[in-house]
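Structure below is structure31.cif: mmCIF, C-alpha atoms.
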```
data_structure
loop_
_atom_site.group_PDB
_atom_site.id
_atom_site.type_symbol
_atom_site.label_atom_id
_atom_site.label_comp_id
_atom_site.auth_asym_id
_atom_site.auth_seq_id
_atom_site.Cartn_x
_atom_site.Cartn_y
_atom_site.Cartn_z
ATOM 1 C CA MET A 3 4.650 4.052 13.442
ATOM 2 C CA LYS A 4 3.073 1.376 11.322
ATOM 3 C CA PRO A 5 4.165 0.886 7.702
ATOM 4 C CA ILE A 6 2.121 2.742 5.122
ATOM 5 C CA ARG A 7 -0.352 0.345 3.559
ATOM 6 C CA THR A 8 -1.624 0.542 0.009
ATOM 7 C CA PHE A 9 -5.068 1.710 1.116
ATOM 8 C CA ALA A 10 -3.716 4.631 3.129
ATOM 9 C CA LEU A 11 -1.208 5.611 0.484
ATOM 10 C CA ALA A 12 -3.838 5.418 -2.244
ATOM 11 C CA LEU A 13 -6.132 7.695 -0.266
ATOM 12 C CA VAL A 14 -3.354 10.192 0.324
ATOM 13 C CA LEU A 15 -2.324 10.236 -3.324
ATOM 14 C CA GLY A 16 -5.845 10.137 -4.692
ATOM 15 C CA THR A 17 -5.473 6.794 -6.453
ATOM 16 C CA SER A 18 -7.637 3.692 -6.433
ATOM 17 C CA ALA A 19 -5.305 1.117 -7.933
ATOM 18 C CA PHE A 20 -5.320 -2.201 -6.097
ATOM 19 C CA THR A 21 -4.101 -5.649 -6.985
ATOM 20 C CA ALA A 22 -4.518 -9.082 -5.481
ATOM 21 C CA GLN A 23 -0.765 -9.491 -5.814
ATOM 22 C CA ALA A 24 0.328 -6.351 -4.009
ATOM 23 C CA ALA A 25 3.937 -6.402 -2.873
ATOM 24 C CA ASN A 26 5.528 -4.629 0.077
ATOM 25 C CA VAL A 27 8.238 -2.227 -1.058
ATOM 26 C CA LEU A 28 10.640 -0.504 1.304
ATOM 27 C CA VAL A 29 11.935 2.889 0.158
ATOM 28 C CA VAL A 30 15.089 3.912 2.022
ATOM 29 C CA LEU A 31 16.247 7.530 2.065
ATOM 30 C CA SER A 32 19.016 9.422 3.812
ATOM 31 C CA ASP A 33 18.604 11.229 7.119
ATOM 32 C CA SER A 34 21.082 13.861 5.967
ATOM 33 C CA ASP A 35 20.337 17.312 4.588
ATOM 34 C CA HIS A 36 23.934 17.924 3.520
ATOM 35 C CA LEU A 37 27.118 16.401 2.170
ATOM 36 C CA ASP A 38 30.502 17.160 3.701
ATOM 37 C CA LEU A 39 32.952 18.164 0.974
ATOM 38 C CA LYS A 40 36.719 18.618 0.911
ATOM 39 C CA ASP A 41 38.347 21.441 2.887
ATOM 40 C CA GLY A 42 35.502 21.651 5.369
ATOM 41 C CA LYS A 43 32.951 22.872 2.846
ATOM 42 C CA VAL A 44 29.343 21.708 3.065
ATOM 43 C CA PHE A 45 26.800 21.172 0.305
ATOM 44 C CA GLU A 46 23.090 21.382 1.161
ATOM 45 C CA THR A 47 21.337 18.443 -0.455
ATOM 46 C CA GLY A 48 18.831 15.620 0.074
ATOM 47 C CA PHE A 49 16.861 13.328 -2.237
ATOM 48 C CA TYR A 50 16.003 14.174 -5.847
ATOM 49 C CA LEU A 51 12.326 14.805 -6.481
ATOM 50 C CA ASN A 52 11.953 12.735 -9.637
ATOM 51 C CA GLU A 53 14.151 9.885 -8.405
ATOM 52 C CA LEU A 54 11.815 9.362 -5.470
ATOM 53 C CA MET A 55 8.406 10.297 -6.801
ATOM 54 C CA GLN A 56 8.446 8.752 -10.284
ATOM 55 C CA PRO A 57 9.006 5.237 -8.863
ATOM 56 C CA VAL A 58 6.638 5.910 -5.927
ATOM 57 C CA LYS A 59 3.913 6.977 -8.372
ATOM 58 C CA ALA A 60 4.467 3.873 -10.507
ATOM 59 C CA LEU A 61 4.428 1.552 -7.493
ATOM 60 C CA THR A 62 1.325 3.177 -6.059
ATOM 61 C CA GLU A 63 -0.584 3.014 -9.324
ATOM 62 C CA ALA A 64 0.292 -0.683 -9.560
ATOM 63 C CA GLY A 65 -1.269 -1.180 -6.130
ATOM 64 C CA HIS A 66 1.852 -2.003 -4.144
ATOM 65 C CA ASP A 67 2.367 -1.201 -0.473
ATOM 66 C CA ILE A 68 5.114 1.284 0.381
ATOM 67 C CA THR A 69 6.982 1.882 3.626
ATOM 68 C CA PHE A 70 9.399 4.807 3.863
ATOM 69 C CA ALA A 71 12.457 4.600 6.082
ATOM 70 C CA THR A 72 15.668 6.405 6.967
ATOM 71 C CA PRO A 73 18.440 5.084 9.223
ATOM 72 C CA LYS A 74 17.355 7.137 12.241
ATOM 73 C CA GLY A 75 13.711 7.612 11.285
ATOM 74 C CA THR A 76 13.997 11.364 10.781
ATOM 75 C CA ALA A 77 12.194 13.110 7.934
ATOM 76 C CA PRO A 78 14.272 13.208 4.740
ATOM 77 C CA THR A 79 15.132 16.450 2.955
ATOM 78 C CA LEU A 80 14.248 17.387 -0.616
ATOM 79 C CA ASP A 81 17.164 18.714 -2.647
ATOM 80 C CA LYS A 82 15.714 22.011 -3.843
ATOM 81 C CA SER A 83 17.889 21.986 -6.944
ATOM 82 C CA SER A 84 15.989 18.904 -8.135
ATOM 83 C CA VAL A 85 12.724 20.865 -8.348
ATOM 84 C CA ASP A 86 13.268 21.506 -12.044
ATOM 85 C CA ASN A 87 11.210 20.221 -14.949
ATOM 86 C CA LEU A 88 14.500 19.337 -16.640
ATOM 87 C CA TYR A 89 14.400 16.131 -14.586
ATOM 88 C CA PHE A 90 10.919 15.403 -15.907
ATOM 89 C CA GLY A 91 11.835 15.726 -19.556
ATOM 90 C CA GLY A 92 10.665 19.336 -19.563
ATOM 91 C CA ASP A 93 7.161 18.315 -18.472
ATOM 92 C CA GLU A 94 6.117 21.007 -15.976
ATOM 93 C CA ALA A 95 2.779 19.323 -15.256
ATOM 94 C CA ALA A 96 4.507 16.051 -14.344
ATOM 95 C CA MET A 97 6.845 17.889 -11.997
ATOM 96 C CA GLN A 98 3.974 19.714 -10.316
ATOM 97 C CA GLU A 99 2.143 16.412 -9.885
ATOM 98 C CA SER A 100 5.173 14.968 -8.095
ATOM 99 C CA ILE A 101 5.376 18.010 -5.829
ATOM 100 C CA ALA A 102 1.696 17.634 -4.978
ATOM 101 C CA MET A 103 2.112 13.923 -4.233
ATOM 102 C CA LEU A 104 5.093 14.619 -2.009
ATOM 103 C CA ASP A 105 3.177 17.312 -0.138
ATOM 104 C CA LYS A 106 0.241 14.961 0.467
ATOM 105 C CA LEU A 107 2.553 12.284 1.817
ATOM 106 C CA LYS A 108 4.056 14.809 4.287
ATOM 107 C CA LEU A 109 7.270 12.867 3.871
ATOM 108 C CA THR A 110 9.535 15.817 4.656
ATOM 109 C CA SER A 111 7.457 17.075 7.593
ATOM 110 C CA ASP A 112 9.375 17.109 10.880
ATOM 111 C CA SER A 113 6.158 16.610 12.828
ATOM 112 C CA SER A 114 4.070 14.251 10.706
ATOM 113 C CA SER A 115 6.363 12.333 8.358
ATOM 114 C CA PRO A 116 5.381 8.662 7.949
ATOM 115 C CA VAL A 117 9.054 7.660 7.854
ATOM 116 C CA VAL A 118 10.211 4.894 10.197
ATOM 117 C CA SER A 119 13.723 3.996 11.313
ATOM 118 C CA LEU A 120 15.667 1.036 9.972
ATOM 119 C CA ALA A 121 15.588 -0.358 13.508
ATOM 120 C CA ARG A 122 11.796 -0.343 13.226
ATOM 121 C CA VAL A 123 12.049 -2.036 9.838
ATOM 122 C CA GLU A 124 14.068 -4.814 11.461
ATOM 123 C CA GLN A 125 11.392 -5.147 14.156
ATOM 124 C CA ILE A 126 8.714 -5.442 11.477
ATOM 125 C CA GLY A 127 10.879 -8.109 9.877
ATOM 126 C CA TYR A 128 12.873 -8.020 6.655
ATOM 127 C CA ASP A 129 10.746 -10.892 5.341
ATOM 128 C CA HIS A 130 7.755 -8.541 5.296
ATOM 129 C CA PHE A 131 9.299 -6.706 2.356
ATOM 130 C CA ASP A 132 9.541 -7.966 -1.206
ATOM 131 C CA ALA A 133 11.824 -5.248 -2.574
ATOM 132 C CA VAL A 134 13.849 -2.235 -1.529
ATOM 133 C CA TYR A 135 14.433 0.975 -3.453
ATOM 134 C CA VAL A 136 17.043 3.663 -2.725
ATOM 135 C CA PRO A 137 16.753 6.940 -4.690
ATOM 136 C CA GLY A 138 19.607 9.365 -5.195
ATOM 137 C CA GLY A 139 20.502 12.933 -4.585
ATOM 138 C CA HIS A 140 23.879 13.475 -2.917
ATOM 139 C CA ALA A 141 22.585 12.707 0.594
ATOM 140 C CA PRO A 142 23.258 8.925 0.490
ATOM 141 C CA MET A 143 26.957 9.840 0.149
ATOM 142 C CA GLN A 144 26.794 11.246 3.687
ATOM 143 C CA ASP A 145 25.248 8.384 5.658
ATOM 144 C CA LEU A 146 23.768 5.453 3.728
ATOM 145 C CA LEU A 147 27.143 4.220 2.478
ATOM 146 C CA VAL A 148 28.293 3.516 6.060
ATOM 147 C CA SER A 149 24.977 2.705 7.761
ATOM 148 C CA PRO A 150 25.300 -0.624 9.622
ATOM 149 C CA GLU A 151 21.506 -0.877 9.820
ATOM 150 C CA LEU A 152 21.187 -0.566 6.045
ATOM 151 C CA GLY A 153 24.101 -2.950 5.518
ATOM 152 C CA LYS A 154 22.316 -5.589 7.600
ATOM 153 C CA LEU A 155 19.100 -5.154 5.622
ATOM 154 C CA LEU A 156 20.808 -5.280 2.223
ATOM 155 C CA ALA A 157 22.825 -8.347 3.227
ATOM 156 C CA ASP A 158 19.582 -10.109 4.141
ATOM 157 C CA PHE A 159 18.041 -9.165 0.790
ATOM 158 C CA HIS A 160 21.177 -10.345 -1.000
ATOM 159 C CA ALA A 161 21.198 -13.697 0.777
ATOM 160 C CA LYS A 162 17.580 -14.279 -0.203
ATOM 161 C CA GLY A 163 17.890 -12.919 -3.744
ATOM 162 C CA LYS A 164 15.247 -10.231 -3.112
ATOM 163 C CA THR A 165 14.921 -7.304 -5.507
ATOM 164 C CA THR A 166 17.251 -4.426 -4.620
ATOM 165 C CA ALA A 167 16.881 -1.268 -6.740
ATOM 166 C CA LEU A 168 18.909 1.947 -6.509
ATOM 167 C CA ALA A 169 19.256 5.068 -8.658
ATOM 168 C CA CYS A 170 21.851 7.773 -9.372
ATOM 169 C CA HIS A 171 23.839 8.302 -6.126
ATOM 170 C CA GLY A 172 21.685 5.650 -4.445
ATOM 171 C CA PRO A 173 23.922 2.691 -5.408
ATOM 172 C CA ILE A 174 26.628 4.075 -3.098
ATOM 173 C CA ALA A 175 24.474 2.569 -0.323
ATOM 174 C CA LEU A 176 25.675 -0.867 -1.414
ATOM 175 C CA LEU A 177 28.981 -0.097 0.301
ATOM 176 C CA SER A 178 27.189 -0.376 3.648
ATOM 177 C CA THR A 179 27.488 -4.162 3.327
ATOM 178 C CA LEU A 180 31.303 -4.069 3.392
ATOM 179 C CA PRO A 181 32.926 -5.693 6.446
ATOM 180 C CA ASP A 182 34.205 -2.217 7.449
ATOM 181 C CA ALA A 183 32.514 0.412 5.308
ATOM 182 C CA SER A 184 33.788 3.317 7.418
ATOM 183 C CA ALA A 185 37.427 2.287 7.079
ATOM 184 C CA PHE A 186 37.008 1.773 3.332
ATOM 185 C CA THR A 187 35.459 5.191 2.735
ATOM 186 C CA THR A 188 37.976 6.905 5.006
ATOM 187 C CA LYS A 189 40.788 5.389 2.967
ATOM 188 C CA LEU A 190 39.174 6.672 -0.223
ATOM 189 C CA GLU A 191 38.839 10.136 1.273
ATOM 190 C CA THR A 192 42.429 10.359 2.465
ATOM 191 C CA SER A 193 44.340 8.573 -0.285
ATOM 192 C CA GLY A 194 42.026 8.535 -3.282
ATOM 193 C CA SER A 195 42.150 4.752 -3.533
ATOM 194 C CA ALA A 196 41.150 1.743 -1.472
ATOM 195 C CA LYS A 197 40.764 -2.008 -1.715
ATOM 196 C CA ALA A 198 37.957 -4.109 -0.329
ATOM 197 C CA GLU A 199 37.654 -7.780 0.472
ATOM 198 C CA GLY A 200 34.537 -9.756 1.145
ATOM 199 C CA TRP A 201 32.038 -7.442 -0.543
ATOM 200 C CA ILE A 202 28.854 -9.357 -1.309
ATOM 201 C CA TYR A 203 28.353 -7.453 -4.578
ATOM 202 C CA ALA A 204 31.894 -7.971 -5.898
ATOM 203 C CA GLY A 205 31.716 -8.901 -9.581
ATOM 204 C CA TYR A 206 28.166 -7.640 -10.012
ATOM 205 C CA LYS A 207 27.470 -5.516 -13.059
ATOM 206 C CA MET A 208 26.129 -2.193 -11.824
ATOM 207 C CA THR A 209 25.901 1.480 -12.595
ATOM 208 C CA VAL A 210 25.826 4.748 -10.662
ATOM 209 C CA ILE A 211 26.256 8.389 -11.611
ATOM 210 C CA SER A 212 29.501 8.364 -13.569
ATOM 211 C CA ASN A 213 32.695 10.263 -12.884
ATOM 212 C CA GLN A 214 32.136 12.046 -16.195
ATOM 213 C CA GLU A 215 28.672 13.161 -15.151
ATOM 214 C CA GLU A 216 29.955 14.276 -11.745
ATOM 215 C CA GLU A 217 32.562 16.419 -13.486
ATOM 216 C CA ILE A 218 29.932 17.975 -15.733
ATOM 217 C CA ALA A 219 27.669 18.747 -12.776
ATOM 218 C CA LYS A 220 30.328 19.869 -10.305
ATOM 219 C CA GLY A 221 29.126 23.459 -10.641
ATOM 220 C CA LEU A 222 26.222 22.477 -8.375
ATOM 221 C CA LEU A 223 28.725 22.231 -5.527
ATOM 222 C CA ASN A 224 29.416 25.982 -5.642
ATOM 223 C CA GLY A 225 33.166 25.573 -5.917
ATOM 224 C CA GLY A 226 33.374 22.661 -3.508
ATOM 225 C CA LYS A 227 34.768 19.224 -4.319
ATOM 226 C CA MET A 228 33.460 15.822 -3.340
ATOM 227 C CA LYS A 229 35.778 13.640 -1.285
ATOM 228 C CA PHE A 230 35.388 10.872 -3.870
ATOM 229 C CA TYR A 231 33.030 9.921 -6.669
ATOM 230 C CA PRO A 232 30.552 7.021 -6.441
ATOM 231 C CA GLN A 233 31.842 5.294 -9.575
ATOM 232 C CA THR A 234 35.377 5.259 -8.180
ATOM 233 C CA ALA A 235 34.142 3.852 -4.873
ATOM 234 C CA LEU A 236 32.021 1.061 -6.328
ATOM 235 C CA GLU A 237 34.785 0.013 -8.711
ATOM 236 C CA ALA A 238 37.311 0.003 -5.859
ATOM 237 C CA ALA A 239 34.985 -2.220 -3.842
ATOM 238 C CA GLY A 240 34.802 -4.714 -6.710
ATOM 239 C CA GLY A 241 31.777 -3.638 -8.750
ATOM 240 C CA ASP A 242 31.743 -4.032 -12.545
ATOM 241 C CA PHE A 243 30.692 -0.528 -13.609
ATOM 242 C CA VAL A 244 28.608 -0.235 -16.791
ATOM 243 C CA SER A 245 28.185 3.270 -18.233
ATOM 244 C CA ASN A 246 25.791 4.855 -20.670
ATOM 245 C CA GLU A 247 27.063 5.870 -24.105
ATOM 246 C CA ALA A 248 26.359 9.581 -23.610
ATOM 247 C CA PRO A 249 26.268 11.613 -20.378
ATOM 248 C CA TRP A 250 22.821 11.899 -18.777
ATOM 249 C CA ALA A 251 21.239 9.287 -21.064
ATOM 250 C CA SER A 252 19.090 6.755 -19.226
ATOM 251 C CA ASN A 253 20.937 3.592 -18.271
ATOM 252 C CA VAL A 254 19.663 0.700 -16.172
ATOM 253 C CA VAL A 255 21.784 -2.333 -15.344
ATOM 254 C CA THR A 256 20.402 -5.546 -13.879
ATOM 255 C CA ASP A 257 22.424 -8.392 -12.393
ATOM 256 C CA ARG A 258 20.828 -11.072 -10.262
ATOM 257 C CA GLU A 259 18.735 -9.312 -7.587
ATOM 258 C CA LEU A 260 20.304 -5.928 -8.290
ATOM 259 C CA ILE A 261 18.737 -3.126 -10.370
ATOM 260 C CA THR A 262 20.791 0.051 -10.700
ATOM 261 C CA GLY A 263 20.055 3.272 -12.583
ATOM 262 C CA GLN A 264 22.824 5.696 -13.528
ATOM 263 C CA ASN A 265 21.264 9.157 -13.242
ATOM 264 C CA PRO A 266 17.991 11.076 -12.768
ATOM 265 C CA ALA A 267 16.826 10.183 -16.278
ATOM 266 C CA SER A 268 17.101 6.502 -15.342
ATOM 267 C CA ALA A 269 14.528 6.619 -12.515
ATOM 268 C CA PRO A 270 11.465 5.780 -14.684
ATOM 269 C CA ALA A 271 13.265 2.811 -16.239
ATOM 270 C CA VAL A 272 14.348 1.598 -12.796
ATOM 271 C CA ALA A 273 10.693 1.754 -11.748
ATOM 272 C CA THR A 274 9.667 -0.223 -14.822
ATOM 273 C CA GLU A 275 12.211 -2.943 -14.080
ATOM 274 C CA LEU A 276 11.192 -2.987 -10.426
ATOM 275 C CA LEU A 277 7.550 -3.475 -11.374
ATOM 276 C CA LYS A 278 8.503 -6.363 -13.673
ATOM 277 C CA ARG A 279 10.253 -8.081 -10.765
ATOM 278 C CA LEU A 280 7.254 -7.562 -8.489
ATOM 279 C CA LYS A 281 4.994 -9.416 -10.924
#
```

Would you write the structure of this file as structure tokens?
Amino acid sequence: MKPIRTFALALVLGTSAFTAQAANVLVVLSDSDHLDLKDGKVFETGFYLNELMQPVKALTEAGHDITFATPKGTAPTLDKSSVDNLYFGGDEAAMQESIAMLDKLKLTSDSSSPVVSLARVEQIGYDHFDAVYVPGGHAPMQDLLVSPELGKLLADFHAKGKTTALACHGPIALLSTLPDASAFTTKLETSGSAKAEGWIYAGYKMTVISNQEEEIAKGLLNGGKMKFYPQTALEAAGGDFVSNEAPWASNVVTDRELITGQNPASAPAVATELLKRLK
């Protein structure tokens, strides 16, 4: 499949915004529709509606080109629990607009999703893309954090100082650039602690959904427990975690090429910062 161009995406979403300085943005989502928890339990999940569609809407309206990708190129899954106007500040109309946009994109369709694989992205060439964005939902905790294909892409972006934006659970994907991400995460799962050497983001200021917020929201897991929390993992790898002052308040942290948002409420601000970089 060819990357989605601005013209095609604008037609699909019913927009007409174009710019002479359009950038190519890669949006990377998880292939997974679940997260393995402790004691063999499984949590059905995917991407969060607002964390994907609010930035996609902003990018599209600014006239930028968007390509959607997952590691294997399979259609991503919407976390049904995220279809709640709570994540849109109580604005039901805004939520319905995002649902409509998502439906028109056919992103989650097994037969007609425009998603490409990260292998295809490499074939297209990393230099084709000006920025990458990784939304949250719990799904990135299942595969993106250990994806060698994503690690290769992010390392290339890091080396070239190209804008790398992630939101909520999305920043866990940064672990994919570790020399041995699988061994690191396995150690966290089994012992609760781990040390990393050679992480390209060591010392970066960053944020991710906090341990406090995970504790508050653990009821979503229906009695299950996560193997480890993203904040713990990024700090263990060498990240300088920066939290909001109150749970669920928007918080965006920028450091060099990196833009990270802490929670669902942070997605619009991540999009705003991303658009600033693309100018």

Report as a ChimeraX atom specification all protein, DNA and RNA residues lying within 9 Å of region 168-185 of chain A, evaluated on only C-alpha atoms, omitting residues in the same chain fewer than 3 positions from it.
/A:31,53,134-143,145-157,188-190,198-203,208-212,232-233,235-236,239,254,260-269,272

List the residues matched by the PyMOL selection byres ((chain A and resi 99) around 12) in the displayed structure as a ChimeraX atom specification, ordered by chain and then by residue number.
/A:15-16,51-52,55-56,59,85,87,90,93-98,100-106

Residues near region 80-84 of chain A, cut-off 6 Å, only C-alpha atoms, skip fewer than 5 positions along chain, as a ChimeraX atom specification:
/A:47-51

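CA of His160 (chain A) is found 7.1 Å from CA of Glu259 (chain A).
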
Students should find that CA of Ala238 (chain A) and CA of Glu217 (chain A) are spaced 18.7 Å

Please identify all polymer residues within 10 Å of Ala248 (chain A), counting only C-alpha atoms, omitting same-chain residues fewer than 5 positions from it, and present them as a ChimeraX atom specification.
/A:214-215,253

Just how far from CA of Lys197 (chain A) is CA of Val244 (chain A), in Å to one decimal?
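Separation between CA of Val244 (chain A) and CA of Lys197 (chain A): 19.4 Å.
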
Counting all atoms listed in the file, the residue of A:Leu28, A:Val44, A:Tyr89, A:Ser195 that sits nearest Gly225 (chain A)
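Checking each candidate against Gly225 (chain A), we get A:Val44 as the closest.
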
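Closest approach to Asp129 (chain A) from the set A:Asn26, A:Thr187, A:Ser245, A:Ser252 is made by A:Asn26, with distances taken over only C-alpha atoms.
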
Excluding region 113-127 of chain A and its own-chain neighbours fewer than 3 positions away, which residues fall within 9 Å of it when counting all atoms listed in the file? Please give them as a PDB file with C-alpha atoms, keeping the file's coordinate frame.
```pdb
ATOM      1  CA  MET A   3       4.650   4.052  13.442  1.00  0.00           C
ATOM      2  CA  LYS A   4       3.073   1.376  11.322  1.00  0.00           C
ATOM      3  CA  PRO A   5       4.165   0.886   7.702  1.00  0.00           C
ATOM      4  CA  ILE A   6       2.121   2.742   5.122  1.00  0.00           C
ATOM      5  CA  LEU A  28      10.640  -0.504   1.304  1.00  0.00           C
ATOM      6  CA  VAL A  30      15.089   3.912   2.022  1.00  0.00           C
ATOM      7  CA  THR A  69       6.982   1.882   3.626  1.00  0.00           C
ATOM      8  CA  PHE A  70       9.399   4.807   3.863  1.00  0.00           C
ATOM      9  CA  ALA A  71      12.457   4.600   6.082  1.00  0.00           C
ATOM     10  CA  THR A  72      15.668   6.405   6.967  1.00  0.00           C
ATOM     11  CA  PRO A  73      18.440   5.084   9.223  1.00  0.00           C
ATOM     12  CA  LYS A  74      17.355   7.137  12.241  1.00  0.00           C
ATOM     13  CA  GLY A  75      13.711   7.612  11.285  1.00  0.00           C
ATOM     14  CA  THR A  76      13.997  11.364  10.781  1.00  0.00           C
ATOM     15  CA  ALA A  77      12.194  13.110   7.934  1.00  0.00           C
ATOM     16  CA  PRO A  78      14.272  13.208   4.740  1.00  0.00           C
ATOM     17  CA  LEU A 107       2.553  12.284   1.817  1.00  0.00           C
ATOM     18  CA  LYS A 108       4.056  14.809   4.287  1.00  0.00           C
ATOM     19  CA  LEU A 109       7.270  12.867   3.871  1.00  0.00           C
ATOM     20  CA  THR A 110       9.535  15.817   4.656  1.00  0.00           C
ATOM     21  CA  HIS A 130       7.755  -8.541   5.296  1.00  0.00           C
ATOM     22  CA  PHE A 131       9.299  -6.706   2.356  1.00  0.00           C
ATOM     23  CA  GLU A 151      21.506  -0.877   9.820  1.00  0.00           C
ATOM     24  CA  LEU A 152      21.187  -0.566   6.045  1.00  0.00           C
ATOM     25  CA  LEU A 155      19.100  -5.154   5.622  1.00  0.00           C
TER      26      LEU A 155
END
```

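Remark: for Thr79 (chain A), the closest of the candidate residues A:His36, A:His66, A:Lys227, A:Lys207 is A:His36 (distances computed over all atoms listed in the file).
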
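Here the PyMOL selection byres ((chain A and resi 25) around 8) catches exactly these residues: Gln23, Ala24, Asn26, Val27, His66, Asp67, Phe131, Asp132, Ala133 and Leu280 of chain A.
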